[in-house]
Structures are given as C-alpha cells and as structure tokens.
Amino acid sequence: MKRRSRSVMAAAATVLACTLAAQPAIADGSDPARVVPVSGAGALPADCGSPAGDGYVLNPNTEVQPMVARDPKRPWHLVTVYQQDRWNRYGSNGVVTAVSDDYGASWHPSANQPAFSRCDGGDYDVTTDHWVTVTPSGAAVAASFSLSRTGETTAILVSRSGDGGKHWDAPATLQRDDDPEFFNDRPAVTADPYHPGVVYAVWDRVDTRSNGEWVQPVYMAKSTDDGRTWSTKKAYDFPANGGAIGTELVPMADGTLLIGMHQETDTGAATQVIRSTDGGNTWSAPTLDVAAPFTVGTKIPDPDGSGDPVRNATLPLLAAQPNGKTVNAVWQSQDADGTFHVAYARSADSGKTWSSPVRVDKTPTGSAAVPAIAASPGGALAVTYYDFRNNTSAATLPTDFWAVTCASDCTKPGSWRERHIEGPFDARAVPSTSSGRMLGDYTGLVSTGSAFTAVYGVATGDTANPVDLHSATFYN
C-alpha cells in the first residue's frame, strides 16, 4: 500500500482552514503578498527509506524544490510537486503532490502520491528533480529523476493523474540505466497547449566513456495520448566532452518547440536555447548562446565567509506568452566580483532572435539566487528569487524571497519593479548538500490570469520541522 507523507496530512488541517476571506488582499505592488502554507510539520515514516551509508545524511522534515502547474482551462486549479525529506546527496526519500482549487489560497494533499520511490510505494531508493504539467484535458503529469542510493541506477519516470493531481497512476519509465557509465538527470515535462494530447519530457543523460571522454546529450520522450504512453529518443547530441544540463521544452503557438539549457564543456559553459520546427525531429544550432563564467555546482559565495555556502545548480527557465510568438528566458548570471544575479532576455519571433541580456533582480549587495519566471496572457511577467541583502554578522544567514514584475518594455532594467514576498529566514537551516545549502535548484511560479502564484521553501526556525513550503499570490 502506498504511504502518504505525514507532513502533508498534518498540513491538511491547517490549509483546509485557510479561506480567501481570512487572508489579506492580494498584493497590488504595495500590499504584502498573500502567503499560505503548502506543507507543514511531520515526516515520512522513519523506516520507509533505504538505510544511510557512509557520508549520507538525512534532513528529516524538510520539503524542498517545488514545481507548480496551472490547468490551462481552469486557471484556479493548481498542482504542485516537491521533495520530502532531503538527503545531503542524491535526492529525497519521497515525493509529495498537493492541489489548489482557489488560485493557491489553500492547498490539499493528493489522495495518493506518485510512486517514484519506496517511501511512496515505488521501486527506487530516492527521488528528486520533480516537474509537473497539466494538459488541456485537465490531466496532470508529473516527472521524476529516481535512483539508487549510490546513483549507479538512474531512471526518468512519469506518472499521470486523470483528475488533475488528486489520484496518481503507476509511473511509466521513460529511461532507465543500471550501468554507471550512464547517468540520467533532471527531467522537465510539458503539455502542448496547442495540440491536445501531446506531452513532452526532456532530460540529459551523461555517458562517461571508458576512454575518459564524456558526452551529455538531450533526450526527449513524447506522448500523443495525453501522457498515457510514451516513446523516447536522443534528441540533441554534442561533441565529446560537452553536453547539456537542466533542459526545459516550451511549445509555441506557431508549432515551434524550444529547449532551454545550460551547456558545458571541459573549458567553458553557456546558457543556450535551441529550436525545432518539425515537432522535435531536428533541432537548430543555439539561437540564444550566452557565455557563462561558471559551471553548475559553483557555489554562491557565503556572505559571512564561514565556509558554509549556498548551492548553485539553478538552470535556465523559459516562459512563453500564450497564443503568441514572444518567449522569455531567465538564468543565473555571475558578475566579476563573484556574486550571482538574474539575467533576462526576450524573443519576439518564437526563439529565432533574442534581445541582449539585462539584469532584472534588484539585489543591492551580494547575490540573488534561484530565479523563476512566468508570463501572463496579457504579457506581464514575474520573476522570483532569493537574496541575502538583510544578512547580519551573526552566525545565521538571513534570506528573503522577492518578486520583480514588468508590464512592458521588459528588456529595459528600469521597467521591472520589486516587491518583498517573505522573510528574512535563516538559510543555515535549509538542507546541507554536498554542493552547499539547498534553497532549491528551482521554485514554482505560474500566472493565474491577472495574478501570479509562487511556491517556494522557507526555513521555519523549528529544529524539529526545519523547512516548509509556502505559496504566495501577487499582482503585477
């Protein structure tokens, strides 16, 4: 029998009591955002995960790295997916999904969880890097990178929910490798809003060859029956000692498909976007190609110099304006002083050409981390991120969550205005991983029509329940 996270069940009593009338008005640019809990105190059953090995440390009662999707025909219906009980290496014990039927004003746990790990009734030790989409029919499709404790077995899985995230089917395997030469990594799943029934998943697959070379091509799976069955192929290859990480596919209204990614070689890195005009059969050379001065895993500098940095595995994200040719990209950039910021570029021709990148975060000192982006039907944009501007000399790391929004002329930095969403909270309490404190490699952000809803993690200050997820709703 599949187990449910006690954190979600405990949270249900809290979120069920939340009503629109009990919350302050949605932020209009001056008022604070409406913030509600998504997850709460508790943990998966203590005996559900595989035993820790040498060097493996569990962070119990932590919920991290959410993604959120909106029903294209019912904008009030949202689905979120996230990790429950994060390890310092290779993912979490389980996955949790929750749904909202009031634009994110309250959240309710799914009746069962996708079986992406043993803790949720599946076959794998741990699960991570979850993504979710909702098809035009109202079905939700969630993706997972599931793997063995040591990382020698890796798999990309998807699970379908015909009722929009309330009940989940047994997962389908898009790719599995038991040979440690291969390593599947971070899937993203996207329903095509213009071709009902078509759903795409993309991920990267490392091939570490016996001669010492490596390559990390993009793989793609496609479903034409609303996520029930899938076909998988290698979509985009690279020369030896090069590849992609953090792929995301976005369909455009004219039939163009775009994939955003962070591309790396032994000698450099770049933010790139490739495009296909034949349904993903062939792909262009990169049309957005911006050199990155860092590789994934470069840590965000610790403002206190304590040797306890913040993880930086944030990867490019795309947001297309519905029913048009405009698509927007954000990614993590790095200044000459070593601090990280949020870069933005725009294409008005379905990804053929791009504006020059501009910085859009308003962080006055230090780094801005983990950007996410969403586009409204009217063309307004929102970008969220964390930063450390309120840090003090104490042994904590005060961290805040912010949003910037733009209604027009978004390629001009002055067109973006900032609002505070939540914080400060102490990022020293978020899970410690082998590459730094994990605020998340991404957070969830969607347009719900005239407003935006973000789902993100915060430290609670409670050592028994260190990290929860919150949801915030705000206007442009």
# chains A, B, ... in the order shown; residues from 1 in each chain; ligands from 1
>>> residues_around(residues="A:Pro180", least_positions_apart="2", cutoff="7 Å", atoms="only C-alpha atoms", output="PyMOL selection string")
chain A and resi 152-153+178+182-183
>>> residues_around(residues="stretch 361-367 of chain A", least_positions_apart="2", cutoff="7 Å", atoms="only C-alpha atoms", output="MDAnalysis selection string")
chainID A and resid 339:342 359 369 387:389 404 418
>>> closest_residue(among="A:Ala69, A:Ile259, A:Ala319, A:Leu288", to="A:Ser356", atoms="only C-alpha atoms")
A:Leu288
>>> residues_around(residues="A:Thr463", least_positions_apart="4", cutoff="12 Å", atoms="only C-alpha atoms", output="PDB file with N, CA and C atoms, in the first residue's frame")
ATOM      1  N   ALA A  41       4.359  20.513   9.524  1.00  0.00           N
ATOM      2  CA  ALA A  41       5.191  19.670  10.385  1.00  0.00           C
ATOM      3  C   ALA A  41       4.950  18.192  10.095  1.00  0.00           C
ATOM      4  N   GLY A  42       5.991  17.404  10.309  1.00  0.00           N
ATOM      5  CA  GLY A  42       5.855  15.969  10.136  1.00  0.00           C
ATOM      6  C   GLY A  42       6.904  15.429   9.191  1.00  0.00           C
ATOM      7  N   ASN A  59      18.064  14.848   6.015  1.00  0.00           N
ATOM      8  CA  ASN A  59      17.498  16.066   6.602  1.00  0.00           C
ATOM      9  C   ASN A  59      16.003  15.844   6.796  1.00  0.00           C
ATOM     10  N   PRO A  60      15.595  15.285   7.943  1.00  0.00           N
ATOM     11  CA  PRO A  60      14.179  14.939   8.123  1.00  0.00           C
ATOM     12  C   PRO A  60      13.298  16.176   8.232  1.00  0.00           C
ATOM     13  N   ASN A  61      12.040  15.997   7.844  1.00  0.00           N
ATOM     14  CA  ASN A  61      11.032  17.055   7.942  1.00  0.00           C
ATOM     15  C   ASN A  61      11.381  18.285   7.112  1.00  0.00           C
ATOM     16  N   THR A  62      12.038  18.053   5.992  1.00  0.00           N
ATOM     17  CA  THR A  62      12.339  19.143   5.065  1.00  0.00           C
ATOM     18  C   THR A  62      11.580  18.922   3.767  1.00  0.00           C
ATOM     19  N   ASP A 426      16.350  32.004   8.165  1.00  0.00           N
ATOM     20  CA  ASP A 426      17.756  31.602   8.254  1.00  0.00           C
ATOM     21  C   ASP A 426      18.056  30.455   7.297  1.00  0.00           C
ATOM     22  N   ARG A 428      20.737  28.961   6.944  1.00  0.00           N
ATOM     23  CA  ARG A 428      21.598  27.957   7.560  1.00  0.00           C
ATOM     24  C   ARG A 428      20.790  26.740   8.018  1.00  0.00           C
ATOM     25  N   ALA A 429      19.457  26.861   8.013  1.00  0.00           N
ATOM     26  CA  ALA A 429      18.610  25.753   8.452  1.00  0.00           C
ATOM     27  C   ALA A 429      18.075  24.919   7.299  1.00  0.00           C
ATOM     28  N   VAL A 430      18.310  25.330   6.045  1.00  0.00           N
ATOM     29  CA  VAL A 430      17.851  24.517   4.925  1.00  0.00           C
ATOM     30  C   VAL A 430      18.818  23.354   4.735  1.00  0.00           C
ATOM     31  N   PRO A 431      18.421  22.314   4.012  1.00  0.00           N
ATOM     32  CA  PRO A 431      19.264  21.113   3.929  1.00  0.00           C
ATOM     33  C   PRO A 431      20.674  21.400   3.446  1.00  0.00           C
ATOM     34  N   ALA A 459      12.829  28.417   5.678  1.00  0.00           N
ATOM     35  CA  ALA A 459      13.199  27.825   6.966  1.00  0.00           C
ATOM     36  C   ALA A 459      12.249  28.335   8.030  1.00  0.00           C
ATOM     37  N   VAL A 467      12.148  23.024   7.448  1.00  0.00           N
ATOM     38  CA  VAL A 467      11.824  23.684   6.185  1.00  0.00           C
ATOM     39  C   VAL A 467      10.415  23.313   5.749  1.00  0.00           C
ATOM     40  N   ASP A 468       9.613  24.312   5.436  1.00  0.00           N
ATOM     41  CA  ASP A 468       8.277  24.120   4.885  1.00  0.00           C
ATOM     42  C   ASP A 468       8.170  24.814   3.531  1.00  0.00           C
TER      43      ASP A 468
END
